Amino acid sequence: MTSVMKARRKAKRVTLEQSGALALLCVLAVITIYPLVWLVLNSLKKSDELFDSSWSLPTAWHWENYPAAWRYGLGHFMVNSVLVTTISVAAIVLLSALAAFVLTTVRFPGRWLLHAYILGGLIVPPEVSLFPLFKIMLVLGIYNTYGAMILPDIAYGLPFTVLLLRAYMTLIPHEMAEAAHIDGAGMLRCFWSIYLPLCRPALAAAGLVQGMRVWNEFVFALTFVSSDALRPLTVGLTTFGDSLHTDYSVLLAGLVISILPILFVFLSMQRQFMSGLTTGALK
């Protein structure tokens with residue numbers, strides 16, 4: 001009888017803990033989602049209504065704010081962001097996968113020192129390197145080009161991505177690589193045909209993390225690019241807001257448009273994202 005009562009108390013305690021955790025998650029979800037809802041609702045108002053009743057539903061839904069935002073040049077800034085993000089993320093993932101593969105499968109003197117050196121990039125904030133990077137851009141002649149944004153984005157994305165992919169690759173049995181070598185496959189063949197396909201969840205997680213970082217990057221684009229024709233969305237929205245003056249509803253519509261691409265990518269890849277992060281973390 002006593003054991004039955006203890007089991008019931010334990011079940012009740014677990015139920016209470018689950019209810020408390022669910023309530024906390026609901027509160028966090030509301031705190032996270034409501035600013036986005038507020039942004040979308042106010043992007044569909046007129047500017048006067050936005051200031052008079054910013055917490056209420058629109059009296060009339062002004063969908064024309066979105067075409068107006070696009071006509072102000074937002075589309076050109078988005079093309080620049082897509083170009084910079086695509087090239088940067090592709091280079092980060094490929095180079096990091098190659099580095100992680102070598103650090104995982106090849107035994108050579110100083111391997112751990114090289115690994116520590118790569119991970120040391122995680123402790124260097126981008127703001128510290130702005131002046132030396134600016135001097136390098138001038139010497140190389142790539143200031144005010146796409147390369148001035150892409151190269152720093154790649155450099156600062158490598159340490160974390162190498163860490164994530166190497167943690168995932170250590171879960172792959174070495175016997176698979178050894179069997180491939182016996183069959184005559186070289187290192188690149190082993191990397192391309194065995195390790196890369198098996199690391200798809202980690203690659204998706206790394207690509208998504210770096211995609212969000214590069215898409216939202218502001219400091220490098222502001223410092224190393226001076227031409228409006230090359231600016232990405234983050235910097236372009238500042239000049240976009242200056243040109244609109246007091247038409248804040250159209251500005252909010254532009255912000256919504258800038259969020260949609262990366263939000264769509266995240267929602268479509270969230271399973272791979274969680275699988276890649278948790279599997280590597282368990283190791």
# chains A, B, ... in the order shown; residues from 1 in each chain; ligands from 1
>>> residues_around(residues="Val162 in chain A", least_positions_apart="6", cutoff="7 Å", atoms="only C-alpha atoms", output="list of chain:residue names")
A:Ser96, A:Ala97, A:Ala99, A:Ala100
>>> residues_around(residues="Leu114 in chain A", least_positions_apart="3", cutoff="12 Å", atoms="only C-alpha atoms", output="compact mmCIF listing (two decimals) with all heavy atoms, in the first residue's frame")
# COMPACT_ATOMS: atom_id res chain seq x y z
N ALA A 99 38.21 20.78 -43.19
CA ALA A 99 39.08 20.89 -42.02
C ALA A 99 38.68 19.88 -40.94
O ALA A 99 39.55 19.24 -40.33
CB ALA A 99 39.01 22.32 -41.46
N ALA A 100 37.38 19.74 -40.70
CA ALA A 100 36.92 18.78 -39.69
C ALA A 100 37.26 17.35 -40.08
O ALA A 100 37.62 16.53 -39.23
CB ALA A 100 35.41 18.94 -39.48
N VAL A 102 39.83 16.34 -41.92
CA VAL A 102 41.27 16.13 -41.71
C VAL A 102 41.59 16.00 -40.23
O VAL A 102 42.34 15.11 -39.80
CB VAL A 102 42.07 17.29 -42.35
CG1 VAL A 102 43.55 17.19 -41.96
CG2 VAL A 102 41.92 17.27 -43.86
N LEU A 103 41.01 16.86 -39.39
CA LEU A 103 41.27 16.80 -37.95
C LEU A 103 40.73 15.53 -37.32
O LEU A 103 41.20 15.11 -36.26
CB LEU A 103 40.66 18.02 -37.27
CG LEU A 103 41.31 19.38 -37.59
CD1 LEU A 103 40.49 20.52 -37.01
CD2 LEU A 103 42.73 19.43 -37.05
N THR A 104 39.73 14.92 -37.94
CA THR A 104 39.12 13.72 -37.38
C THR A 104 39.81 12.45 -37.84
O THR A 104 40.00 11.50 -37.06
CB THR A 104 37.63 13.64 -37.77
OG1 THR A 104 36.97 14.84 -37.35
CG2 THR A 104 36.95 12.45 -37.12
N ARG A 107 46.05 11.51 -38.68
CA ARG A 107 46.92 11.65 -37.51
C ARG A 107 48.24 12.28 -37.95
O ARG A 107 48.97 11.71 -38.75
CB ARG A 107 47.20 10.28 -36.87
CG ARG A 107 45.95 9.53 -36.43
CD ARG A 107 45.28 10.21 -35.26
NE ARG A 107 44.18 9.42 -34.73
CZ ARG A 107 42.92 9.57 -35.10
NH1 ARG A 107 42.62 10.47 -36.04
NH2 ARG A 107 41.97 8.84 -34.56
N PHE A 108 48.54 13.47 -37.44
CA PHE A 108 49.79 14.14 -37.79
C PHE A 108 50.24 14.98 -36.59
O PHE A 108 49.41 15.37 -35.76
CB PHE A 108 49.61 15.03 -39.03
CG PHE A 108 48.56 16.09 -38.90
CD1 PHE A 108 48.87 17.36 -38.41
CD2 PHE A 108 47.24 15.82 -39.26
CE1 PHE A 108 47.90 18.33 -38.29
CE2 PHE A 108 46.26 16.80 -39.14
CZ PHE A 108 46.59 18.05 -38.66
N PRO A 109 51.54 15.25 -36.47
CA PRO A 109 52.04 16.03 -35.34
C PRO A 109 51.43 17.44 -35.33
O PRO A 109 51.33 18.10 -36.36
CB PRO A 109 53.55 16.08 -35.58
CG PRO A 109 53.84 14.93 -36.48
CD PRO A 109 52.63 14.76 -37.34
N GLY A 110 51.04 17.87 -34.15
CA GLY A 110 50.47 19.20 -34.00
C GLY A 110 49.01 19.29 -34.36
O GLY A 110 48.48 20.40 -34.50
N ARG A 111 48.33 18.12 -34.49
CA ARG A 111 46.92 18.15 -34.88
C ARG A 111 46.07 18.87 -33.84
O ARG A 111 45.22 19.70 -34.19
CB ARG A 111 46.42 16.71 -35.06
CG ARG A 111 44.96 16.60 -35.46
CD ARG A 111 44.66 15.18 -35.92
NE ARG A 111 44.87 14.23 -34.86
CZ ARG A 111 43.88 13.69 -34.14
NH1 ARG A 111 42.63 14.01 -34.40
NH2 ARG A 111 44.14 12.81 -33.19
N TYR A 117 44.12 26.23 -32.35
CA TYR A 117 44.34 27.50 -33.05
C TYR A 117 43.08 27.93 -33.81
O TYR A 117 42.70 29.10 -33.79
CB TYR A 117 45.51 27.36 -34.00
CG TYR A 117 45.82 28.60 -34.80
CD1 TYR A 117 46.48 29.67 -34.22
CD2 TYR A 117 45.43 28.70 -36.14
CE1 TYR A 117 46.76 30.82 -34.95
CE2 TYR A 117 45.70 29.83 -36.87
CZ TYR A 117 46.36 30.90 -36.28
OH TYR A 117 46.62 32.04 -37.01
N ILE A 118 42.41 26.97 -34.47
CA ILE A 118 41.18 27.29 -35.20
C ILE A 118 40.09 27.74 -34.23
O ILE A 118 39.41 28.74 -34.46
CB ILE A 118 40.72 26.07 -36.01
CG1 ILE A 118 41.73 25.77 -37.13
CG2 ILE A 118 39.34 26.32 -36.62
CD1 ILE A 118 41.43 24.50 -37.89
N LEU A 119 39.94 27.00 -33.13
CA LEU A 119 38.91 27.36 -32.16
C LEU A 119 39.21 28.67 -31.44
O LEU A 119 38.30 29.30 -30.90
CB LEU A 119 38.75 26.24 -31.12
CG LEU A 119 38.28 24.88 -31.66
CD1 LEU A 119 38.06 23.91 -30.52
CD2 LEU A 119 37.00 25.05 -32.46
N GLY A 120 40.48 29.09 -31.46
CA GLY A 120 40.83 30.37 -30.86
C GLY A 120 40.13 31.54 -31.53
O GLY A 120 39.97 32.61 -30.92
N GLY A 121 39.70 31.34 -32.78
CA GLY A 121 38.97 32.40 -33.46
C GLY A 121 37.63 32.72 -32.82
O GLY A 121 37.06 33.79 -33.06
N PRO A 159 35.52 28.94 -37.26
CA PRO A 159 35.80 28.25 -35.99
C PRO A 159 34.61 27.47 -35.44
O PRO A 159 34.73 26.29 -35.10
CB PRO A 159 36.20 29.40 -35.05
CG PRO A 159 36.74 30.45 -35.96
CD PRO A 159 35.91 30.37 -37.19
N VAL A 162 33.70 24.44 -37.75
CA VAL A 162 34.66 23.34 -37.60
C VAL A 162 34.39 22.58 -36.31
O VAL A 162 34.41 21.34 -36.26
CB VAL A 162 36.11 23.87 -37.63
CG1 VAL A 162 37.10 22.77 -37.25
CG2 VAL A 162 36.45 24.41 -39.01
>>> closest_residue(among="A:Cys26, A:Ala90, A:Leu188, A:Ala253", to="Leu39 in chain A", atoms="only C-alpha atoms")
A:Ala253
>>> closest_residue(among="A:Thr234, A:Ser193, A:Thr239, A:Gln210", to="Ile92 in chain A", atoms="only C-alpha atoms")
A:Gln210
>>> residues_around(residues="Pro173 in chain A", least_positions_apart="3", cutoff="12 Å", atoms="only C-alpha atoms", output="list in words")
Thr104, Thr105, Tyr168, Met169, Thr170, Met176, Ala177, Glu178, Ala179, Ala180, Ile194, Tyr195 and Leu198 of chain A
>>> closest_atom_pairs(of="range 211-261 of chain A", to="range 45-48 of chain A", cutoff="7 Å", atoms="only C-alpha atoms", output="Markdown table")
| residue | atom | partner | partner_atom | distance |
| --- | --- | --- | --- | --- |
| A:Asp247 | CA | A:Ser47 | CA | 5.9 |
| A:Tyr248 | CA | A:Ser47 | CA | 5.7 |
| A:Ser249 | CA | A:Ser47 | CA | 5.3 |
>>> closest_residue(among="A:Leu158, A:Leu252, A:Met187, A:Ala21", to="Leu95 in chain A", atoms="only C-alpha atoms")
A:Leu158
>>> residues_around(residues="Ser81 in chain A", least_positions_apart="2", cutoff="9 Å", atoms="only C-alpha atoms", output="CSV table (one decimal) with C-alpha atoms, in the first residue's frame")
chain,number,residue,atom,x,y,z
A,76,HIS,CA,18.2,45.5,-54.8
A,77,PHE,CA,19.5,45.3,-51.2
A,78,MET,CA,17.9,41.8,-50.8
A,79,VAL,CA,19.7,40.6,-54.0
A,83,LEU,CA,24.4,36.8,-53.0
A,84,VAL,CA,26.7,37.5,-50.0
A,85,THR,CA,25.0,35.0,-47.8
A,86,THR,CA,24.9,32.2,-50.4
A,214,VAL,CA,25.7,36.4,-42.3
A,215,TRP,CA,22.2,37.6,-43.2
A,231,ARG,CA,25.0,47.2,-49.6
A,232,PRO,CA,23.1,44.3,-48.1
A,233,LEU,CA,19.7,44.6,-46.4
A,234,THR,CA,21.0,45.3,-42.9
>>> residues_around(residues="Leu122 in chain A", least_positions_apart="6", cutoff="12 Å", atoms="only C-alpha atoms", output="VMD selection string")
chain A and resid 115 to 116 155 to 163
>>> atom_distance(atom1="CA of Leu203 in chain A", atom2="CA of Val225 in chain A")
29.6 Å
